[in-house]
Amino acid sequence: MSVTRLSVEAIANAVGAGARAVDVARTVLEAVAEYDLIQPQVWTLRLPAAAVLAQAEVVDARIAAGEVLPLAGVPFAVKDNIDVGALPTSAACPAFAYTPARSATVVERLVAAGAVLIGKTNLDQFATGLVGARSPYGAPRCVFNQAFVSGGSSSGSAVAVAASLVAFALGTDTAGSGRVPAAFNHLVGLKPSKGRWSTRGLVPACRSLDCISVFAADLAGAAVVDQVLAAFDPEDDYSRRAPATPPAFSMDGLRFAIPLPDQRLFFGDGESEALYAAAIKRMQAAGGVAVEVDIAPLLDAAKLLYSGPWVAERTAAIEPLLRTTPSAIEPTVRAIVQGGLATTGVETFRGLYALEGYRRAAEAIWAAADILFLPTTPTIYRLKDLKAEPLALNANLGLYTNFVNLLDLSALAVPAGFRADATGFGVTLIGPAFADRALLDLAASYLETFPMTETPPLDLTPHKPGIKLAVVGAHLGGMPLHWQLTSREARLVTATKTAPAYKLYAIANSTPPKPALVHVGEGGAAILVEVYELDVEAFGSFTAEVPAPLAIGTVTLEDGTSVKGFVAEPRALDGATDITALGGWRAYIASLQA
């Protein structure tokens with residue numbers, strides 16, 4: 001299957017000229033259903049088909065009434081740390097999930113511009129990671145070679161665009177999360193200047209650094225989204241007003257900075273090194289002048305993000321959950337954010353002072369050059385390699401991205417070719433704050449020397465369906481036995497309820513506390529459960545560890561489907577407490593703590 005990416009401009013122009021948004025939506029829904037057989041882990045939540053079509057019908061009615069909509073009928077997705085009203089925001093952590101009454105400002109503006117939301121996408125939990133593999137919903141993979149990571153944290157958003165499921169998708173970018181996945185999946189990734197797009201309705205990673213970003217198939221698509229979203233938001237404390245005269249550059253004679261030869265680090269990836277050298281030549285062919293600069297101040301500043309006080313800012317975003325239910329947090333993410341608990345005020349100010357020093361040292365770069373032109377990432381990794389060294393390899397991917405928000409810069413990631421294994425390589429144009437539109441113009445000149453249509457086929461290796469298992473108590477996310485699922489790489493399929501035919505009991509004298517789910521038919525209730533998928537071997541080993549009086553049987557869900565799940569022998573009810581009225585195990589545990 002070759003890649004025919006969806007075009008934001010083409011769809012909006014067609015719908016504006018009389019094509020039906022409903023027809024676009026139907027085509028997209030079919031594509032999403034087909035790709036579910038390949039990578040179901042792209043999504044944390046999808047809107048029902050009827051809800052998607054209803055949005056499209058509204059767009060068609062608005063067009064018929066004479067409205068001009070810059071995103072008419074354009075299908076899009078939203079990373080699941082950005083609020084969509086009436087839909088749960090999980091940040092890839094079910095125990096953290098909440099349902100906002102209102103959408104984020106960026107979502108409101110996109111819908112007002114005629115865009116049609118398809119669903120919410122997977123991510124490295126709490127947007128902490130550059131790999132896309134730190135999620136209970138599974139690890140989205142590179143669309144061209146599923147042995148490799150998709151990049152993160154905005155993994156699902158990038159894959160949704162790269163697989164032509166949507167025309168654009170919102171990600172977020174604190175340390176490179178809107179750029180790294182763009183490189184691996186041959187996309188444009190625009191990270192706007194801090195405060196240029198509103199972050200109201202975003203679950204913070206590092207609130208002072210966070211940016212909402214966009215993935216698109218081409219520069220024109222990213223530019224249209226930017227036109228819709230770039231505006232001051234008085235409801236966002238970190239929103240900024242753009243300068244009256246933003247930075248502007250001409251490609252003719254443009255001074256683009258590249259690292260000194262000994263600072264061009266690729267961790268042994270010779271193909272990436274060669275692709276970067278070729279990209280430099282293309283920039284020169286487009287009219288630019290390469291300038292070698294010392295990027296040591298940038299690399300030193302980057303280290304502050306995960307070894308300085310900004311780790312404590314990540315901790316602040318999820319501190320209540322970290323203190324009350326640490327096991328709900330993915331182990332690698334938890335290891336990172338726990339480090340912030342020990343950060344002192346003195347260390348925070350020392351970090352701020354150090355950053356200003358790096359900022360001053362970096363001024364020498366801007367005196368010598370107009371923009372930076374860097375590899376987006378030094379290399380890419382296989383999922384199996386990442387498991388052995390999750391922290392070190394993740395850090396390698398952020399070598400050229402982590403400093404950008406700390407130093408208040410704008411950045412635009414664009415494709416720069418493919419390795420022999422079909423994984424994408426990219427470069428990033430980096431400029432001063434509010435140089436966003438100028439970077440789009442420069443990138444257009446660069447890409448004229450490098451057609452983005454030259455892509456390998458998608459890797460359509462089918463997802464191997466496993467066995468779905470409903471858990472109701474101590475194996476829920478954040479509960480004491482959840483590790484028995486994560487250690488087997490179980491993928492969260494959904495958080496849902498049983499059919500209204502069950503009673504739930506707290507088993508007496510059980511350590512850790514466990515429930516008994518009993519089918520009673522009429523007179524029962526719907527009980528909250530989480531459904532996970534395990535491969536056959538993992539399911540077998542898991543079942544072997546289930547102790548009496550519990551067992552694995554069949555559980556009927558609220559939609560009428562049946563999955564394997566925890567049931568109980570009659571003896572489990574001896575001395576047990578009926579907690580059915582609470583609706584689920586979490587509510588019972590909360591009542592004990594209260």
# chains A, B, ... in the order shown; residues from 1 in each chain; ligands from 1
>>> residues_around(residues="stretch 360-371 of chain A", least_positions_apart="3", cutoff="8 Å", atoms="only C-alpha atoms", output="list of chain:residue names")
A:Phe249, A:Leu254, A:Arg255, A:Phe256, A:Ala257, A:Val291, A:Val293, A:Asp294, A:Ile295, A:Pro297, A:Leu298, A:Glu356, A:Gly357, A:Leu429, A:Ile430, A:Gly431, A:Pro432
>>> write_last_selection(atoms="N, CA, C and O atoms", output="compact mmCIF listing (two decimals), in the first residue's frame")
# COMPACT_ATOMS: atom_id res chain seq x y z
N PHE A 249 12.80 36.27 7.09
CA PHE A 249 14.07 35.92 6.46
C PHE A 249 13.85 35.69 4.96
O PHE A 249 12.73 35.39 4.53
N LEU A 254 20.44 33.21 3.09
CA LEU A 254 20.09 32.84 4.46
C LEU A 254 21.28 32.16 5.14
O LEU A 254 21.86 31.21 4.60
N ARG A 255 21.65 32.62 6.32
CA ARG A 255 22.71 31.98 7.08
C ARG A 255 22.07 30.92 8.00
O ARG A 255 21.36 31.26 8.93
N PHE A 256 22.28 29.67 7.66
CA PHE A 256 21.72 28.60 8.50
C PHE A 256 22.83 27.90 9.25
O PHE A 256 23.84 27.48 8.68
N ALA A 257 22.66 27.82 10.56
CA ALA A 257 23.70 27.28 11.43
C ALA A 257 23.64 25.77 11.48
O ALA A 257 22.57 25.17 11.62
N VAL A 291 26.66 27.84 8.04
CA VAL A 291 27.59 28.45 8.98
C VAL A 291 27.80 27.47 10.13
O VAL A 291 26.85 27.10 10.82
N VAL A 293 28.65 26.43 13.77
CA VAL A 293 28.61 27.13 15.06
C VAL A 293 28.81 26.12 16.19
O VAL A 293 28.57 24.92 16.03
N ASP A 294 29.20 26.62 17.33
CA ASP A 294 29.34 25.80 18.54
C ASP A 294 27.98 25.70 19.22
O ASP A 294 27.44 26.70 19.72
N ILE A 295 27.38 24.50 19.21
CA ILE A 295 26.06 24.34 19.82
C ILE A 295 26.14 23.82 21.25
O ILE A 295 25.13 23.41 21.83
N PRO A 297 26.29 25.39 24.10
CA PRO A 297 25.33 25.99 25.03
C PRO A 297 23.92 25.41 24.89
O PRO A 297 23.18 25.30 25.87
N LEU A 298 23.54 25.03 23.66
CA LEU A 298 22.22 24.43 23.45
C LEU A 298 22.15 23.05 24.09
O LEU A 298 21.16 22.71 24.76
N GLU A 356 19.75 31.01 32.15
CA GLU A 356 20.06 32.35 31.63
C GLU A 356 21.49 32.43 31.13
O GLU A 356 21.78 33.12 30.14
N GLY A 357 22.38 31.70 31.78
CA GLY A 357 23.76 31.66 31.30
C GLY A 357 23.87 31.01 29.94
O GLY A 357 24.59 31.49 29.05
N LEU A 429 14.09 23.20 11.26
CA LEU A 429 14.46 24.60 11.15
C LEU A 429 14.05 25.28 12.45
O LEU A 429 12.88 25.19 12.87
N ILE A 430 14.99 25.94 13.11
CA ILE A 430 14.75 26.54 14.42
C ILE A 430 15.08 28.02 14.35
O ILE A 430 16.14 28.41 13.86
N GLY A 431 14.15 28.84 14.81
CA GLY A 431 14.36 30.28 14.77
C GLY A 431 13.98 30.94 16.07
O GLY A 431 13.54 30.29 17.03
N PRO A 432 14.09 32.26 16.14
CA PRO A 432 13.68 32.99 17.34
C PRO A 432 12.18 32.83 17.58
O PRO A 432 11.44 32.37 16.71
>>> closest_atom_pairs(of="stretch 469-584 of chain A", to="stretch 42-49 of chain A", cutoff="10 Å", atoms="only C-alpha atoms", output="CSV")
residue,atom,partner,partner_atom,distance
A:Leu492,CA,A:Thr44,CA,8.6
A:Val493,CA,A:Thr44,CA,7.9
A:Thr494,CA,A:Thr44,CA,7.8
A:Ala495,CA,A:Thr44,CA,10.0
>>> atom_distance(atom1="atom CA of A:Arg62", atom2="atom CA of A:Ala112")
10.3 Å
>>> select_by_dssp(residues="stretch 364-416 of chain A", states="helix (DSSP H, G or I)", output="list in words")
Ala364, Ile365, Trp366, Ala367, Ala368, Leu383, Lys384, Asp385, Leu386, Lys387, Ala388, Pro390, Leu391, Ala392, Leu393, Asn394, Ala395, Asn396, Leu397, Phe403, Val404, Asn405 and Leu406 of chain A
>>> atom_distance(atom1="atom CA of A:Ala516", atom2="atom CA of A:Glu533")
21.1 Å
>>> residues_around(residues="A:Leu352", least_positions_apart="2", cutoff="12 Å", atoms="only C-alpha atoms", output="list in words")
Ala301, Leu304, Leu305, Gly308, Pro309, Trp310, Gly345, Val346, Glu347, Thr348, Phe349, Arg350, Ala354, Leu355, Glu356, Gly357, Tyr358, Arg359, Leu406 and Leu407 of chain A
>>> residues_around(residues="A:Ser103", least_positions_apart="6", cutoff="7 Å", atoms="only C-alpha atoms", output="list of chain:residue names")
A:Asp83, A:Val84, A:Gly85, A:Gly201
>>> residues_around(residues="A:Val311", least_positions_apart="5", cutoff="12 Å", atoms="only C-alpha atoms", output="ChimeraX atom specification")
/A:128,174-175,205-209,303-306,316-319,333-344,347-348,351
>>> write_last_selection(atoms="C-alpha atoms", output="compact mmCIF listing (two decimals), in the first residue's frame")
# COMPACT_ATOMS: atom_id res chain seq x y z
CA THR A 128 6.64 12.14 29.24
CA THR A 174 7.59 20.27 25.46
CA ALA A 175 10.84 18.48 24.65
CA ALA A 205 3.69 18.38 31.28
CA CYS A 206 5.86 21.40 32.08
CA ARG A 207 3.34 24.20 32.09
CA SER A 208 5.88 26.98 31.58
CA LEU A 209 7.28 25.21 28.50
CA LYS A 303 20.25 18.70 30.00
CA LEU A 304 18.27 20.90 32.39
CA LEU A 305 14.98 19.50 31.15
CA TYR A 306 15.43 16.08 32.74
CA ALA A 316 3.69 19.32 40.00
CA ALA A 317 1.31 18.46 37.16
CA ILE A 318 0.46 15.02 38.59
CA GLU A 319 1.57 15.25 42.22
CA VAL A 333 7.27 7.80 33.73
CA ARG A 334 6.94 7.28 37.48
CA ALA A 335 10.70 6.96 37.86
CA ILE A 336 11.13 10.31 36.12
CA VAL A 337 8.49 12.31 37.96
CA GLN A 338 9.36 10.91 41.38
CA GLY A 339 12.71 12.63 41.03
CA GLY A 340 10.96 15.98 41.16
CA LEU A 341 9.70 15.42 44.70
CA ALA A 342 13.20 15.98 46.07
CA THR A 343 13.91 19.19 44.14
CA THR A 344 14.42 22.15 46.46
CA GLU A 347 17.99 23.98 43.18
CA THR A 348 15.18 25.53 41.19
CA GLY A 351 18.58 25.92 37.39
